[in-house]
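Okay, my_file_30.cif now, which holds mmCIF, C-alpha atoms and all ligand atoms:
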data_input
#
loop_
_atom_site.group_PDB
_atom_site.id
_atom_site.type_symbol
_atom_site.label_atom_id
_atom_site.label_comp_id
_atom_site.auth_asym_id
_atom_site.auth_seq_id
_atom_site.Cartn_x
_atom_site.Cartn_y
_atom_site.Cartn_z
ATOM 1 C CA MET A 4 -4.149 -7.083 -18.555
ATOM 2 C CA LYS A 5 -0.553 -6.397 -19.502
ATOM 3 C CA LEU A 6 0.943 -5.332 -16.166
ATOM 4 C CA VAL A 7 0.040 -5.514 -12.474
ATOM 5 C CA VAL A 8 2.290 -3.567 -10.090
ATOM 6 C CA LEU A 9 2.380 -4.083 -6.318
ATOM 7 C CA THR A 10 4.145 -1.470 -4.200
ATOM 8 C CA GLY A 11 5.118 -1.501 -0.520
ATOM 9 C CA ALA A 12 6.631 0.838 2.016
ATOM 10 C CA GLY A 13 10.039 0.747 0.251
ATOM 11 C CA ILE A 14 8.807 2.864 -2.668
ATOM 12 C CA SER A 15 8.020 5.723 -0.282
ATOM 13 C CA ALA A 16 11.215 5.364 1.798
ATOM 14 C CA GLU A 17 13.196 7.866 -0.267
ATOM 15 C CA SER A 18 10.348 10.358 0.074
ATOM 16 C CA GLY A 19 11.116 10.270 3.801
ATOM 17 C CA LEU A 20 8.342 7.939 5.024
ATOM 18 C CA ARG A 21 9.686 5.226 7.269
ATOM 19 C CA THR A 22 9.228 1.606 6.220
ATOM 20 C CA PHE A 23 7.702 -0.937 8.530
ATOM 21 C CA ARG A 24 10.620 -3.265 9.163
ATOM 22 C CA GLY A 25 13.636 -1.080 8.400
ATOM 23 C CA HIS A 26 16.208 -0.465 11.135
ATOM 24 C CA ASP A 27 14.581 2.842 12.080
ATOM 25 C CA GLY A 28 11.697 0.624 13.043
ATOM 26 C CA LEU A 29 7.980 0.868 13.284
ATOM 27 C CA TRP A 30 6.118 4.045 12.612
ATOM 28 C CA GLU A 31 6.488 6.476 15.526
ATOM 29 C CA ASN A 32 7.848 3.583 17.651
ATOM 30 C CA GLU A 33 4.372 2.329 18.512
ATOM 31 C CA PRO A 34 3.934 -1.452 18.945
ATOM 32 C CA ILE A 35 1.933 -3.182 16.171
ATOM 33 C CA GLU A 36 -0.534 -4.767 18.623
ATOM 34 C CA ALA A 37 -1.444 -1.341 20.012
ATOM 35 C CA VAL A 38 -2.011 0.599 16.788
ATOM 36 C CA ALA A 39 -2.471 -1.929 13.983
ATOM 37 C CA THR A 40 -4.959 -4.477 15.312
ATOM 38 C CA PRO A 41 -8.727 -4.273 15.989
ATOM 39 C CA GLU A 42 -8.004 -5.410 19.582
ATOM 40 C CA GLY A 43 -5.660 -2.457 20.093
ATOM 41 C CA TYR A 44 -8.283 -0.093 18.700
ATOM 42 C CA TYR A 45 -11.108 -1.320 20.943
ATOM 43 C CA ARG A 46 -8.748 -1.249 23.944
ATOM 44 C CA ASP A 47 -7.770 2.396 23.426
ATOM 45 C CA LYS A 48 -9.473 4.230 20.559
ATOM 46 C CA LYS A 49 -7.925 7.579 21.447
ATOM 47 C CA ARG A 50 -4.371 6.220 21.246
ATOM 48 C CA VAL A 51 -5.039 4.641 17.847
ATOM 49 C CA ARG A 52 -6.851 7.683 16.404
ATOM 50 C CA ASP A 53 -4.057 9.954 17.634
ATOM 51 C CA PHE A 54 -1.444 7.711 16.023
ATOM 52 C CA TYR A 55 -3.134 7.915 12.591
ATOM 53 C CA ASN A 56 -3.948 11.636 13.114
ATOM 54 C CA GLY A 57 -0.200 12.184 13.498
ATOM 55 C CA LEU A 58 0.635 10.226 10.341
ATOM 56 C CA ARG A 59 -2.127 11.987 8.364
ATOM 57 C CA LYS A 60 -0.995 15.408 9.514
ATOM 58 C CA GLY A 61 2.585 14.638 8.435
ATOM 59 C CA LEU A 62 1.689 13.478 4.917
ATOM 60 C CA PRO A 63 1.854 16.867 3.096
ATOM 61 C CA GLN A 64 5.521 17.284 4.063
ATOM 62 C CA TYR A 65 6.523 14.279 1.929
ATOM 63 C CA GLU A 66 6.829 14.494 -1.847
ATOM 64 C CA PRO A 67 6.495 11.700 -4.411
ATOM 65 C CA ASN A 68 9.869 10.494 -5.693
ATOM 66 C CA ALA A 69 11.027 9.463 -9.170
ATOM 67 C CA ALA A 70 9.665 5.934 -8.685
ATOM 68 C CA HIS A 71 6.109 7.158 -8.034
ATOM 69 C CA VAL A 72 6.361 9.504 -11.032
ATOM 70 C CA ALA A 73 7.650 6.791 -13.383
ATOM 71 C CA LEU A 74 4.775 4.463 -12.459
ATOM 72 C CA ALA A 75 2.247 7.249 -13.043
ATOM 73 C CA LYS A 76 3.669 7.813 -16.549
ATOM 74 C CA LEU A 77 3.670 4.106 -17.359
ATOM 75 C CA GLY A 78 0.082 3.896 -16.112
ATOM 76 C CA ASP A 79 -0.904 6.703 -18.502
ATOM 77 C CA GLN A 80 0.745 4.891 -21.412
ATOM 78 C CA LEU A 81 -0.847 1.515 -20.687
ATOM 79 C CA GLY A 82 -4.322 2.725 -19.649
ATOM 80 C CA ASP A 83 -6.658 -0.193 -18.910
ATOM 81 C CA ASP A 84 -3.794 -2.641 -19.441
ATOM 82 C CA PHE A 85 -2.244 -1.454 -16.169
ATOM 83 C CA LEU A 86 -3.235 -1.945 -12.537
ATOM 84 C CA LEU A 87 -1.426 -0.351 -9.605
ATOM 85 C CA VAL A 88 -2.016 -2.040 -6.251
ATOM 86 C CA THR A 89 -0.353 -0.608 -3.168
ATOM 87 C CA GLN A 90 0.020 -1.739 0.421
ATOM 88 C CA ASN A 91 0.837 1.848 1.318
ATOM 89 C CA VAL A 92 -1.618 4.098 3.078
ATOM 90 C CA ASP A 93 0.109 7.317 1.988
ATOM 91 C CA ASP A 94 -1.088 9.398 -0.996
ATOM 92 C CA LEU A 95 2.195 9.646 -2.918
ATOM 93 C CA HIS A 96 1.055 7.591 -5.934
ATOM 94 C CA GLU A 97 -1.935 9.900 -6.394
ATOM 95 C CA ARG A 98 0.178 13.027 -5.926
ATOM 96 C CA ALA A 99 2.594 11.717 -8.573
ATOM 97 C CA GLY A 100 -0.363 11.536 -10.985
ATOM 98 C CA SER A 101 -1.483 7.898 -10.810
ATOM 99 C CA LYS A 102 -5.191 7.868 -11.525
ATOM 100 C CA ARG A 103 -6.433 4.464 -10.465
ATOM 101 C CA VAL A 104 -4.699 3.045 -7.394
ATOM 102 C CA LEU A 105 -6.085 0.192 -5.321
ATOM 103 C CA HIS A 106 -5.052 0.803 -1.688
ATOM 104 C CA MET A 107 -5.487 -2.725 -0.403
ATOM 105 C CA HIS A 108 -4.592 -1.702 3.181
ATOM 106 C CA GLY A 109 -6.674 1.483 3.193
ATOM 107 C CA GLU A 110 -5.757 5.171 3.123
ATOM 108 C CA LEU A 111 -4.717 7.684 5.763
ATOM 109 C CA ASN A 112 -6.766 10.388 4.031
ATOM 110 C CA GLN A 113 -10.029 8.508 4.445
ATOM 111 C CA LEU A 114 -12.200 7.460 7.364
ATOM 112 C CA ARG A 115 -14.700 4.639 7.610
ATOM 113 C CA CYS A 116 -18.037 4.454 9.427
ATOM 114 C CA GLU A 117 -18.024 2.157 12.468
ATOM 115 C CA LYS A 118 -21.526 0.902 11.610
ATOM 116 C CA HIS A 119 -21.387 0.448 7.822
ATOM 117 C CA GLU A 120 -18.001 -0.532 6.429
ATOM 118 C CA ASN A 121 -18.968 0.629 2.922
ATOM 119 C CA HIS A 122 -19.399 4.201 4.232
ATOM 120 C CA VAL A 123 -15.915 5.511 3.420
ATOM 121 C CA PHE A 124 -15.181 9.202 2.992
ATOM 122 C CA PRO A 125 -12.236 11.568 2.405
ATOM 123 C CA PHE A 126 -10.810 13.127 5.554
ATOM 124 C CA THR A 127 -7.725 15.249 6.138
ATOM 125 C CA GLY A 128 -8.285 16.602 9.657
ATOM 126 C CA GLU A 129 -7.972 15.207 13.173
ATOM 127 C CA GLU A 130 -10.383 12.427 14.014
ATOM 128 C CA ASP A 131 -11.799 12.159 17.542
ATOM 129 C CA GLU A 132 -14.811 10.634 19.298
ATOM 130 C CA THR A 133 -17.054 13.447 18.008
ATOM 131 C CA THR A 134 -16.259 12.791 14.315
ATOM 132 C CA ARG A 135 -19.325 11.477 12.498
ATOM 133 C CA CYS A 136 -19.991 9.549 9.289
ATOM 134 C CA PRO A 137 -21.492 12.067 6.817
ATOM 135 C CA LEU A 138 -23.821 9.372 5.436
ATOM 136 C CA CYS A 139 -25.451 8.008 8.603
ATOM 137 C CA GLY A 140 -24.132 9.972 11.592
ATOM 138 C CA ALA A 141 -22.427 6.993 13.263
ATOM 139 C CA SER A 142 -18.953 7.229 14.811
ATOM 140 C CA THR A 143 -15.871 6.646 12.647
ATOM 141 C CA ARG A 144 -12.515 4.832 12.593
ATOM 142 C CA PRO A 145 -9.364 5.188 10.485
ATOM 143 C CA HIS A 146 -9.780 3.588 7.028
ATOM 144 C CA ILE A 147 -6.815 1.314 7.643
ATOM 145 C CA VAL A 148 -6.793 -2.474 7.277
ATOM 146 C CA TRP A 149 -5.329 -3.744 10.515
ATOM 147 C CA PHE A 150 -3.669 -7.112 11.094
ATOM 148 C CA GLY A 151 -6.397 -9.745 11.205
ATOM 149 C CA GLU A 152 -8.754 -7.747 8.930
ATOM 150 C CA ILE A 153 -9.525 -8.581 5.300
ATOM 151 C CA PRO A 154 -7.650 -6.476 2.724
ATOM 152 C CA LEU A 155 -9.688 -4.430 0.251
ATOM 153 C CA TYR A 156 -10.338 -5.052 -3.495
ATOM 154 C CA MET A 157 -9.222 -8.687 -3.309
ATOM 155 C CA ASP A 158 -11.604 -9.872 -6.072
ATOM 156 C CA SER A 159 -10.381 -7.255 -8.574
ATOM 157 C CA ILE A 160 -6.747 -7.884 -7.650
ATOM 158 C CA GLU A 161 -7.007 -11.677 -7.981
ATOM 159 C CA ASN A 162 -8.802 -11.327 -11.283
ATOM 160 C CA ALA A 163 -6.015 -9.070 -12.604
ATOM 161 C CA LEU A 164 -3.300 -11.436 -11.310
ATOM 162 C CA ASN A 165 -4.980 -14.353 -13.070
ATOM 163 C CA HIS A 166 -4.879 -12.527 -16.395
ATOM 164 C CA CYS A 167 -1.717 -10.415 -16.390
ATOM 165 C CA GLU A 168 1.318 -10.893 -18.615
ATOM 166 C CA HIS A 169 3.711 -9.209 -16.167
ATOM 167 C CA PHE A 170 3.659 -8.801 -12.404
ATOM 168 C CA VAL A 171 6.210 -6.579 -10.670
ATOM 169 C CA TYR A 172 6.533 -6.070 -6.917
ATOM 170 C CA ILE A 173 8.451 -3.056 -5.653
ATOM 171 C CA GLY A 174 9.777 -2.147 -2.196
ATOM 172 C CA THR A 175 7.893 -4.786 -0.279
ATOM 173 C CA SER A 176 9.378 -7.329 2.127
ATOM 174 C CA SER A 177 6.868 -9.954 0.935
ATOM 175 C CA VAL A 178 6.022 -11.135 4.423
ATOM 176 C CA VAL A 179 2.543 -9.634 4.862
ATOM 177 C CA TYR A 180 -0.126 -11.912 3.342
ATOM 178 C CA PRO A 181 -2.134 -11.952 1.141
ATOM 179 C CA ALA A 182 0.069 -9.482 -0.801
ATOM 180 C CA ALA A 183 3.106 -11.711 -0.278
ATOM 181 C CA GLY A 184 1.283 -14.457 -2.222
ATOM 182 C CA PHE A 185 0.528 -12.363 -5.329
ATOM 183 C CA LYS A 186 3.769 -13.378 -7.062
ATOM 184 C CA ARG A 187 2.837 -17.055 -6.670
ATOM 185 C CA ILE A 188 -0.641 -16.504 -8.193
ATOM 186 C CA ALA A 189 0.736 -14.496 -11.135
ATOM 187 C CA HIS A 190 3.560 -16.982 -11.711
ATOM 188 C CA ALA A 191 1.137 -19.926 -11.679
ATOM 189 C CA HIS A 192 -0.842 -18.248 -14.466
ATOM 190 C CA GLY A 193 2.228 -17.767 -16.628
ATOM 191 C CA ALA A 194 3.059 -14.132 -15.907
ATOM 192 C CA HIS A 195 6.659 -12.937 -15.918
ATOM 193 C CA VAL A 196 7.378 -11.920 -12.307
ATOM 194 C CA THR A 197 9.896 -9.192 -11.433
ATOM 195 C CA CYS A 198 11.159 -8.005 -8.040
ATOM 196 C CA LEU A 199 12.554 -4.464 -7.635
ATOM 197 C CA ASN A 200 13.966 -3.944 -4.147
ATOM 198 C CA LEU A 201 16.856 -2.546 -2.156
ATOM 199 C CA GLU A 202 17.775 -6.122 -1.225
ATOM 200 C CA VAL A 203 16.621 -9.161 -3.192
ATOM 201 C CA ASP A 204 16.364 -12.852 -2.341
ATOM 202 C CA SER A 205 17.330 -14.343 -5.671
ATOM 203 C CA ASP A 206 16.426 -17.880 -4.493
ATOM 204 C CA ASP A 207 12.718 -17.100 -4.756
ATOM 205 C CA SER A 208 11.260 -19.629 -7.196
ATOM 206 C CA PHE A 209 8.176 -17.557 -8.093
ATOM 207 C CA THR A 210 10.247 -14.608 -9.358
ATOM 208 C CA ASP A 211 11.874 -14.590 -12.806
ATOM 209 C CA THR A 212 13.824 -11.321 -12.698
ATOM 210 C CA PHE A 213 15.465 -9.502 -9.780
ATOM 211 C CA VAL A 214 16.693 -5.921 -9.838
ATOM 212 C CA GLU A 215 18.491 -4.655 -6.753
ATOM 213 C CA GLY A 216 18.766 -0.974 -5.883
ATOM 214 C CA LYS A 217 16.976 2.105 -4.637
ATOM 215 C CA ALA A 218 13.456 2.490 -5.977
ATOM 216 C CA SER A 219 14.097 6.010 -7.294
ATOM 217 C CA ASP A 220 17.002 4.646 -9.398
ATOM 218 C CA ILE A 221 15.704 1.302 -10.613
ATOM 219 C CA VAL A 222 11.967 1.904 -11.083
ATOM 220 C CA PRO A 223 12.314 4.700 -13.705
ATOM 221 C CA VAL A 224 14.777 2.592 -15.729
ATOM 222 C CA TRP A 225 12.575 -0.488 -15.476
ATOM 223 C CA CYS A 226 9.491 1.500 -16.547
ATOM 224 C CA GLN A 227 11.323 3.007 -19.498
ATOM 225 C CA ASN A 228 12.391 -0.447 -20.689
ATOM 226 C CA PHE A 229 8.999 -2.039 -20.051
ATOM 227 C CA ASN A 230 7.616 -1.388 -23.519
ATOM 228 C CA THR A 231 10.559 -3.190 -25.070
ATOM 229 C CA PHE A 232 9.831 -6.442 -23.154
HETATM 230 P P1 LIG A 301 8.169 -3.448 4.812
HETATM 231 O O1 LIG A 301 8.642 -2.337 5.669
HETATM 232 O O2 LIG A 301 7.888 -4.760 5.427
HETATM 233 O O3 LIG A 301 9.284 -3.684 3.686
HETATM 234 C C1 LIG A 301 9.872 -2.624 2.991
HETATM 235 C C2 LIG A 301 10.706 -3.206 1.861
HETATM 236 O O4 LIG A 301 11.195 -2.107 1.092
HETATM 237 C C3 LIG A 301 11.918 -4.012 2.314
HETATM 238 O O5 LIG A 301 11.963 -5.209 1.580
HETATM 239 C C4 LIG A 301 13.121 -3.120 1.975
HETATM 240 O O6 LIG A 301 14.239 -3.863 1.548
HETATM 241 C C5 LIG A 301 12.567 -2.301 0.825
HETATM 242 N N1 LIG A 301 13.148 -0.965 0.695
HETATM 243 C C6 LIG A 301 13.515 -0.102 1.679
HETATM 244 N N2 LIG A 301 13.989 1.044 1.148
HETATM 245 C C7 LIG A 301 13.903 0.903 -0.188
HETATM 246 C C8 LIG A 301 14.244 1.741 -1.290
HETATM 247 N N3 LIG A 301 14.751 2.971 -1.115
HETATM 248 N N4 LIG A 301 14.040 1.276 -2.536
HETATM 249 C C9 LIG A 301 13.547 0.030 -2.751
HETATM 250 N N5 LIG A 301 13.211 -0.810 -1.754
HETATM 251 C C10 LIG A 301 13.379 -0.374 -0.494
HETATM 252 O O7 LIG A 301 6.934 -2.908 3.992
HETATM 253 P P2 LIG A 301 5.727 -3.666 3.270
HETATM 254 O O8 LIG A 301 6.207 -4.912 2.619
HETATM 255 O O9 LIG A 301 5.038 -2.630 2.464
HETATM 256 O O10 LIG A 301 4.748 -4.137 4.456
HETATM 257 C C11 LIG A 301 4.499 -3.359 5.601
HETATM 258 C C12 LIG A 301 3.071 -2.843 5.813
HETATM 259 O O11 LIG A 301 3.162 -1.573 6.479
HETATM 260 C C13 LIG A 301 2.302 -2.558 4.557
HETATM 261 O O12 LIG A 301 1.200 -3.342 4.623
HETATM 262 C C14 LIG A 301 1.882 -1.083 4.600
HETATM 263 O O13 LIG A 301 0.473 -0.988 4.686
HETATM 264 C C15 LIG A 301 2.385 -0.546 5.904
HETATM 265 N N6 LIG A 301 3.235 0.668 5.737
HETATM 266 C C16 LIG A 301 2.902 1.646 4.831
HETATM 267 C C17 LIG A 301 3.734 2.753 4.663
HETATM 268 C C18 LIG A 301 3.320 3.838 3.696
HETATM 269 O O14 LIG A 301 2.136 4.002 3.413
HETATM 270 N N7 LIG A 301 4.276 4.610 3.153
HETATM 271 C C19 LIG A 301 4.914 2.855 5.394
HETATM 272 C C20 LIG A 301 5.220 1.837 6.329
HETATM 273 C C21 LIG A 301 4.369 0.739 6.489
#

Please lay out the structure from this file as structure tokens.
Amino acid sequence: MKLVVLTGAGISAESGLRTFRGHDGLWENEPIEAVATPEGYYRDKKRVRDFYNGLRKGLPQYEPNAAHVALAKLGDQLGDDFLLVTQNVDDLHERAGSKRVLHMHGELNQLRCEKHENHVFPFTGEEDETTRCPLCGASTRPHIVWFGEIPLYMDSIENALNHCEHFVYIGTSSVVYPAAGFKRIAHAHGAHVTCLNLEVDSDDSFTDTFVEGKASDIVPVWCQNFNTF
């Protein structure tokens, strides 16, 4: 595996989607405990479903930016030597043309069965208590990994991190684990680790190269230069 890319909310910021910890705050000003934990969901399912219904409904108004497009092109060039992992639940990587994206925190445009967690299906409407799993008829929940739940695709991601030559993390604050630990795993296995972010902490000992700037400026340039590394 030549390159593993990890993206976070920062790559979608210039498309208009708010980041998690930026000064304009949490999505729709809802507290994390209420809308991003299993406890919050079981306390008030309607509130949580409505929150994600609102985010899902808003998605089509946002367009992929130059950073999403550049990664899709690089992915096409590298084929199986490239893995794109995202913490984002939006669909901007796919709409930019990326073909294989691992959404480790789930996807807004999917729902999951409440009985069988492997029953996951595409969904673009409004979920409510009458929505049913098309495979078994049970009730559903947003296909979002909440705080305290286990992220998706961890085996494939760890395997790729253990074998990659380059790891780059883009637009992520590196505070949400396990994603925040990916740079350490890749670095320990000898990969060259690069951070592309609006603000960088150049003291980080697991990162070899830092590039500071807006994703739509720095990601296309970095991707263009990648083949010369
Ligand atoms: P975060 O909000 O914690 O951090 C965002 C990072 O992006 C910051 O380090 C910031 O400096 C950087 N950034 C902001 N604007 C940028 C720009 N224009 N160019 C480059 N970098 C920029 O986000 P996170 O680390 O992804 O973690 C938050 C969690 O919230 C994730 O797990 C994700 O699932 C979820 N989330 C997803 C979306 C989405 O799907 N678009 C949006 C918000 C939050």

### Task
Please provide as a count of residues only all residues within 7 Å of Leu86 (chain A), with the sequence filter that same-chain residues fewer than 3 positions apart are discarded (counting all atoms listed in the file).
3

So which residues touch region 197-200 of chain A within 6 Å, counting all atoms listed in the file, skipping near sequence neighbours fewer than 6 positions away, as a PDB file with C-alpha atoms, in the coordinates of the input?
ATOM      1  CA  VAL A 171       6.210  -6.579 -10.670  1.00  0.00           C
ATOM      2  CA  TYR A 172       6.533  -6.070  -6.917  1.00  0.00           C
ATOM      3  CA  ILE A 173       8.451  -3.056  -5.653  1.00  0.00           C
ATOM      4  CA  GLY A 174       9.777  -2.147  -2.196  1.00  0.00           C
ATOM      5  CA  THR A 210      10.247 -14.608  -9.358  1.00  0.00           C
ATOM      6  CA  ASP A 211      11.874 -14.590 -12.806  1.00  0.00           C
ATOM      7  CA  THR A 212      13.824 -11.321 -12.698  1.00  0.00           C
ATOM      8  CA  PHE A 213      15.465  -9.502  -9.780  1.00  0.00           C
ATOM      9  CA  VAL A 214      16.693  -5.921  -9.838  1.00  0.00           C
ATOM     10  CA  GLU A 215      18.491  -4.655  -6.753  1.00  0.00           C
ATOM     11  CA  GLY A 216      18.766  -0.974  -5.883  1.00  0.00           C
TER      12      GLY A 216
END

### Task
Evaluate the PyMOL selection byres (((chain A and resi 47-59) around 8) and not hetatm) and record the selected residues as number ranges by chain, following the chain and residue labels used in the document.
A: 37-38, 43-46, 60-62, 111-112, 127-132, 144-145

### Message
Quick check, in Å to one decimal: how far apart do CA of Gln80 (chain A) and CA of Glu110 (chain A) lie?
### Response
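Computed distance, CA of Gln80 (chain A) to CA of Glu110 (chain A), equals 25.4 Å.
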
### Message
Could you list, as a VMD selection string, every residue matched by the PyMOL selection byres (((not hetatm)) within 7 of (chain A and resi 301)) in this structure?
### Response
chain A and resid 10 to 17 20 to 25 30 90 to 93 108 173 to 179 199 to 202 216 to 219

### Task
Calculate how many Å separate CA of Phe124 (chain A) from CA of His71 (chain A), rounding to one decimal.
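If I compute the distance from CA of Phe124 (chain A) to CA of His71 (chain A), I get 24.1 Å.
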
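Among the candidates A:Met107, A:Ala75, A:Gly82, A:Pro41, the one nearest to Asp158 (chain A) when counting all atoms listed in the file is A:Met107.
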
### Spatial neighbours of Pro67 (chain A), max dist 9 Å, only C-alpha atoms, sep filter under 4 positions, as a list of chain:residue names
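So, after excluding close chain neighbours, the residues are A:Ser15, A:Glu17, A:Ser18, A:His71, A:Val72, A:Asp94, A:Leu95, A:His96, A:Glu97, A:Arg98, A:Ala99.
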
#### Entry: Distance in Å - CA of Arg187 (chain A) versus CA of Ser208 (chain A)
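Atom-to-atom, CA of Arg187 (chain A) to CA of Ser208 (chain A), that is 8.8 Å.
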
### Task
Could you expand the PyMOL selection byres (((chain A and resi 223) around 10) and not hetatm) into the explicit residues it covers here, written as a list in words?
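When the PyMOL selection byres (((chain A and resi 223) around 10) and not hetatm) is applied, the selected residues are Ala69, Ala70, His71, Val72, Ala73, Leu74, Lys76, Leu77, Ala218, Ser219, Asp220, Ile221, Val222, Val224, Trp225, Cys226, Gln227, Asn228 and Phe229 of chain A.
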
### Task
Go through A:Ser101, A:Glu161, A:Gly109, A:Phe85 and flag the residue nearest Trp149 (chain A), using all atoms listed in the file for the distances.
A:Gly109

Centre, x/y/z edge lengths, axis-aligned box for region 12-23 of chain A with 5 Å per side, as lines of an AutoDock Vina configuration file:
center_x = 9.9
center_y = 4.7
center_z = 2.9
size_x = 16.6
size_y = 21.3
size_z = 21.2
